[in-house]
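*Asks:* Dropping the structure in here first, questions after.
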Amino acid sequence: MDHSFLSAFVLLLLVLDPFGSLPIFVSVLQGVPPQRRRRVALREVAIAFAVLLAFMLGGQGFLGVMRLSERSLEVAGGVILLIIAIRMIFAGGAEVYASDGEREPFIFPLAVPLMAGPSAMATVLLLASRQPERLLSWVGALTLALSVSAVVLLAAGRIHRWLGPSMVSAIEKLMGLVLTAVAVEMILAGLKRYFFDHG
């Protein structure tokens with residue numbers, strides 16, 4: 001299936017799922033001093049962009065050099081998401097990623113795997129490999145999709161005040177439950193592709 005700029009943007013936005021990750025954004029940023037939140041948010045989005053751009057340009061070559069398959073990437077990503085989901089349900093992001101005022105999220109978990117996760121990596125890799133002549137369009141679609149994620153991340157504090165901590169906690173646990181199912185599905189899909197489509 002060939003993609004246009006608009007369809008690639010919508011696809012990437014669905015894969016990045018900034019609104020679905022909002023409870024985690026809110027919980028993680030609660031441990032960051034208010035005066036640093038904007039800088040941290042923009043830094044994490046920039047890191048996610050760099051990771052996905054690198055994967056778009058050289059992901060296939062990297063997998064080949066390391067002798068890794070998309071199946072192994074899928075299973076590994078599922079395991080990571082499952083761990084995060086269990087922590088969301090039983091501990092909550094604020095407790096799991098609490099900051100002591102000196103520590104703040106760096107790369108994990110905002111940039112990777114929430115924004116630049118396995119599904120996003122696979123998506124940009126597929127876009128680049130199927131229509132390499134439109135690489136500039138895919139870079140533009142990625143930039144726009146991550147810009148939307150940046151806006152959601154920057155507004156996380158206001159949304160938290162609007163909803164209140166109890167509602168955010170409830171949403172977070174609900175999303176943790178959904179994320180658990182997604183993670184298990186990802187692991188099972190990777191294992192199925194390995195055992196039944198291997199070779």
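Here, A, B, ... name the chains of the structure tokens in the order displayed, residue numbers run from 1 inside each chain, and ligands are numbered from 1 in the same displayed order.
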As a PyMOL selection string, please: all residues of chain A that backbone DSSP puts in helix (DSSP H, G or I).
*Replies:* chain A and resi 5-16+22-29+34-65+70-90+93-96+110-115+118-130+132-154+156-163+165-196
*Asks:* Report as a tab-separated table the residues of segment 23-129 of chain A within 9 Å of segment 151-158 of chain A, each with its shortest atom pair and distance in Å (one decimal), using only C-alpha atoms, ordered by chain and increasing residue number.
*Replies:*
residue	atom	partner	partner_atom	distance
A:Pro23	CA	A:Ala156	CA	8.4
A:Phe25	CA	A:Leu153	CA	6.3
A:Val26	CA	A:Ala156	CA	5.4
A:Leu29	CA	A:Gly157	CA	7.9
A:Gln30	CA	A:Gly157	CA	8.1
A:Arg37	CA	A:Leu154	CA	7.8
A:Arg38	CA	A:Leu154	CA	6.2
A:Ala41	CA	A:Leu153	CA	6.3
A:Leu42	CA	A:Leu154	CA	8.0
A:Val45	CA	A:Leu153	CA	8.8
*Asks:* Could you take the residues named above and write them with N, CA and C atoms, as a PDB file, in the first residue's frame?
*Replies:*
ATOM      1  N   PRO A  23      -1.594   9.922  30.365  1.00  0.00           N
ATOM      2  CA  PRO A  23      -1.458   9.659  31.806  1.00  0.00           C
ATOM      3  C   PRO A  23      -0.015   9.430  32.239  1.00  0.00           C
ATOM      4  N   PHE A  25       2.676  10.685  30.624  1.00  0.00           N
ATOM      5  CA  PHE A  25       3.310  12.001  30.525  1.00  0.00           C
ATOM      6  C   PHE A  25       3.101  12.792  31.816  1.00  0.00           C
ATOM      7  N   VAL A  26       1.831  12.830  32.255  1.00  0.00           N
ATOM      8  CA  VAL A  26       1.482  13.599  33.450  1.00  0.00           C
ATOM      9  C   VAL A  26       2.208  13.061  34.673  1.00  0.00           C
ATOM     10  N   LEU A  29       6.093  13.718  34.526  1.00  0.00           N
ATOM     11  CA  LEU A  29       6.448  15.134  34.659  1.00  0.00           C
ATOM     12  C   LEU A  29       6.130  15.684  36.049  1.00  0.00           C
ATOM     13  N   GLN A  30       5.319  14.966  36.828  1.00  0.00           N
ATOM     14  CA  GLN A  30       5.045  15.413  38.205  1.00  0.00           C
ATOM     15  C   GLN A  30       6.319  15.429  39.036  1.00  0.00           C
ATOM     16  N   ARG A  37      10.042  21.686  33.308  1.00  0.00           N
ATOM     17  CA  ARG A  37       9.178  20.771  32.560  1.00  0.00           C
ATOM     18  C   ARG A  37       9.158  21.050  31.066  1.00  0.00           C
ATOM     19  N   ARG A  38       9.083  22.319  30.689  1.00  0.00           N
ATOM     20  CA  ARG A  38       9.035  22.656  29.270  1.00  0.00           C
ATOM     21  C   ARG A  38      10.310  22.209  28.557  1.00  0.00           C
ATOM     22  N   ALA A  41      10.401  18.378  28.322  1.00  0.00           N
ATOM     23  CA  ALA A  41       9.457  17.884  27.320  1.00  0.00           C
ATOM     24  C   ALA A  41      10.010  18.054  25.908  1.00  0.00           C
ATOM     25  N   LEU A  42      10.517  19.252  25.613  1.00  0.00           N
ATOM     26  CA  LEU A  42      11.056  19.508  24.280  1.00  0.00           C
ATOM     27  C   LEU A  42      12.292  18.653  24.007  1.00  0.00           C
ATOM     28  N   VAL A  45      11.143  15.069  23.184  1.00  0.00           N
ATOM     29  CA  VAL A  45      10.578  14.996  21.830  1.00  0.00           C
ATOM     30  C   VAL A  45      11.704  15.036  20.798  1.00  0.00           C
TER      31      VAL A  45
END
*Asks:* When you look at Leu144 of chain A with a cut-off of 10 Å (counting only C-alpha atoms), what residues show up, excluding the ones that are within fewer than 5 positions of it in the same chain? I need them as a ChimeraX atom specification.
*Replies:* /A:9-10,12-13,138-139,149-150
*Asks:* Go through A:Leu126, A:Ala46, A:Glu172, A:Gln131 one by one, measure the shortest atom-to-atom distance of each to Leu11 of chain A using only C-alpha atoms, and give the residue with the smallest value.
*Replies:* A:Leu126
*Asks:* Which one of A:Leu179, A:Arg43, A:Ser169, A:Leu6 sits closest to Pro105 of chain A if you count only C-alpha atoms?
*Replies:*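 Closest residue, counting only C-alpha atoms: A:Arg43.
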*Asks:* Between atom CA of Pro33 of chain A and atom CA of Gly117 of chain A, what is the spacing in Å?
*Replies:*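 Pair atom CA of Gly117 of chain A / atom CA of Pro33 of chain A returns 25.8 Å.
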*Asks:* Residues at most 9 Å from Leu127 of chain A, counting only C-alpha atoms, excluding those fewer than 2 positions away in the same chain, as a list in words?
*Replies:*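 Residues near the query, excluding close chain neighbours: Asp2, His3, Ala8, Met56, Ala122, Thr123, Val124, Leu125, Ser129, Arg130, Gln131, Pro132, Arg134, Leu135 and Trp138 of chain A.
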*Asks:* Export, as a JSON list (two decimals), in the first residue's frame, the selected residues with C-alpha atoms.
*Replies:*
[["chain", "number", "residue", "atom", "x", "y", "z"],
["A", 2, "ASP", "CA", 1.40, 3.36, -1.06],
["A", 3, "HIS", "CA", 1.07, 6.32, 1.27],
["A", 8, "ALA", "CA", 1.67, 8.82, 6.51],
["A", 56, "MET", "CA", 14.13, 5.63, 9.18],
["A", 122, "ALA", "CA", 8.84, -0.43, 12.48],
["A", 123, "THR", "CA", 6.45, 2.07, 10.87],
["A", 124, "VAL", "CA", 9.15, 4.54, 9.81],
["A", 125, "LEU", "CA", 11.30, 1.65, 8.59],
["A", 129, "SER", "CA", 11.76, 0.87, 2.55],
["A", 130, "ARG", "CA", 8.55, 0.78, 0.51],
["A", 131, "GLN", "CA", 8.81, 4.28, -1.00],
["A", 132, "PRO", "CA", 12.43, 5.46, -0.56],
["A", 134, "ARG", "CA", 9.60, 10.00, -0.96],
["A", 135, "LEU", "CA", 11.95, 10.10, 2.01],
["A", 138, "TRP", "CA", 8.21, 10.85, 5.39]]
*Asks:* Quick one: residues within 12 Å of Ile83 of chain A, only C-alpha atoms counted, chain neighbours fewer than 4 positions away excluded, as a VMD selection string?
*Replies:* chain A and resid 76 to 79 87 to 93 96 109 113 176 to 177 179 to 184
*Asks:* Could you work out how far atom CA of Phe108 of chain A lies from atom CA of His160 of chain A, giving the answer in Å with one decimal?
*Replies:*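 Between these atoms lies a distance of 21.1 Å.
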*Asks:* Skipping near chain neighbours, those fewer than 2 positions away, what residues fall within 8 Å of segment 47-55 of chain A using only C-alpha atoms, listed as a PyMOL selection string?
*Replies:* chain A and resi 43-45+57-60+107+111-112+115-116+120-121+124-125+139+142-143+146
*Asks:* Rounded to one decimal, what separation in Å do you get between atom CA of Val28 of chain A and atom CA of Ile84 of chain A?
*Replies:*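 Taking atom CA of Val28 of chain A as the start and atom CA of Ile84 of chain A as the end point, the length is 12.2 Å.
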*Asks:* Go through A:Ile86, A:Val75, A:Ser166, A:Pro118 and flag the residue nearest Leu191 of chain A, using only C-alpha atoms for the distances.
*Replies:* A:Val75
*Asks:* Find the residues around Ala189 of chain A up to 8 Å (only C-alpha atoms counted), leave out those fewer than 4 positions away in its own chain, and share them as a VMD selection string.
*Replies:* chain A and resid 74 to 75 185 193
*Asks:* Store the residues of this selection in a file with N, CA, C and O atoms, as a PDB file, in the first residue's frame.
*Replies:*
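Now in again.pdb:
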ATOM      1  N   GLU A  74       9.801  -6.937  17.846  1.00  0.00           N
ATOM      2  CA  GLU A  74       8.407  -6.944  18.294  1.00  0.00           C
ATOM      3  C   GLU A  74       8.276  -7.578  19.676  1.00  0.00           C
ATOM      4  O   GLU A  74       7.584  -7.057  20.554  1.00  0.00           O
ATOM      5  N   VAL A  75       8.950  -8.719  19.888  1.00  0.00           N
ATOM      6  CA  VAL A  75       8.880  -9.405  21.177  1.00  0.00           C
ATOM      7  C   VAL A  75       9.532  -8.566  22.273  1.00  0.00           C
ATOM      8  O   VAL A  75       8.984  -8.409  23.367  1.00  0.00           O
ATOM      9  N   GLU A 185      -0.305  -9.000  23.158  1.00  0.00           N
ATOM     10  CA  GLU A 185      -0.603  -9.229  21.741  1.00  0.00           C
ATOM     11  C   GLU A 185       0.657  -9.072  20.890  1.00  0.00           C
ATOM     12  O   GLU A 185       0.913  -9.845  19.952  1.00  0.00           O
ATOM     13  N   ARG A 193       5.023 -15.158  14.450  1.00  0.00           N
ATOM     14  CA  ARG A 193       5.761 -14.920  13.213  1.00  0.00           C
ATOM     15  C   ARG A 193       7.084 -15.674  13.223  1.00  0.00           C
ATOM     16  O   ARG A 193       7.548 -16.143  12.180  1.00  0.00           O
TER      17      ARG A 193
END
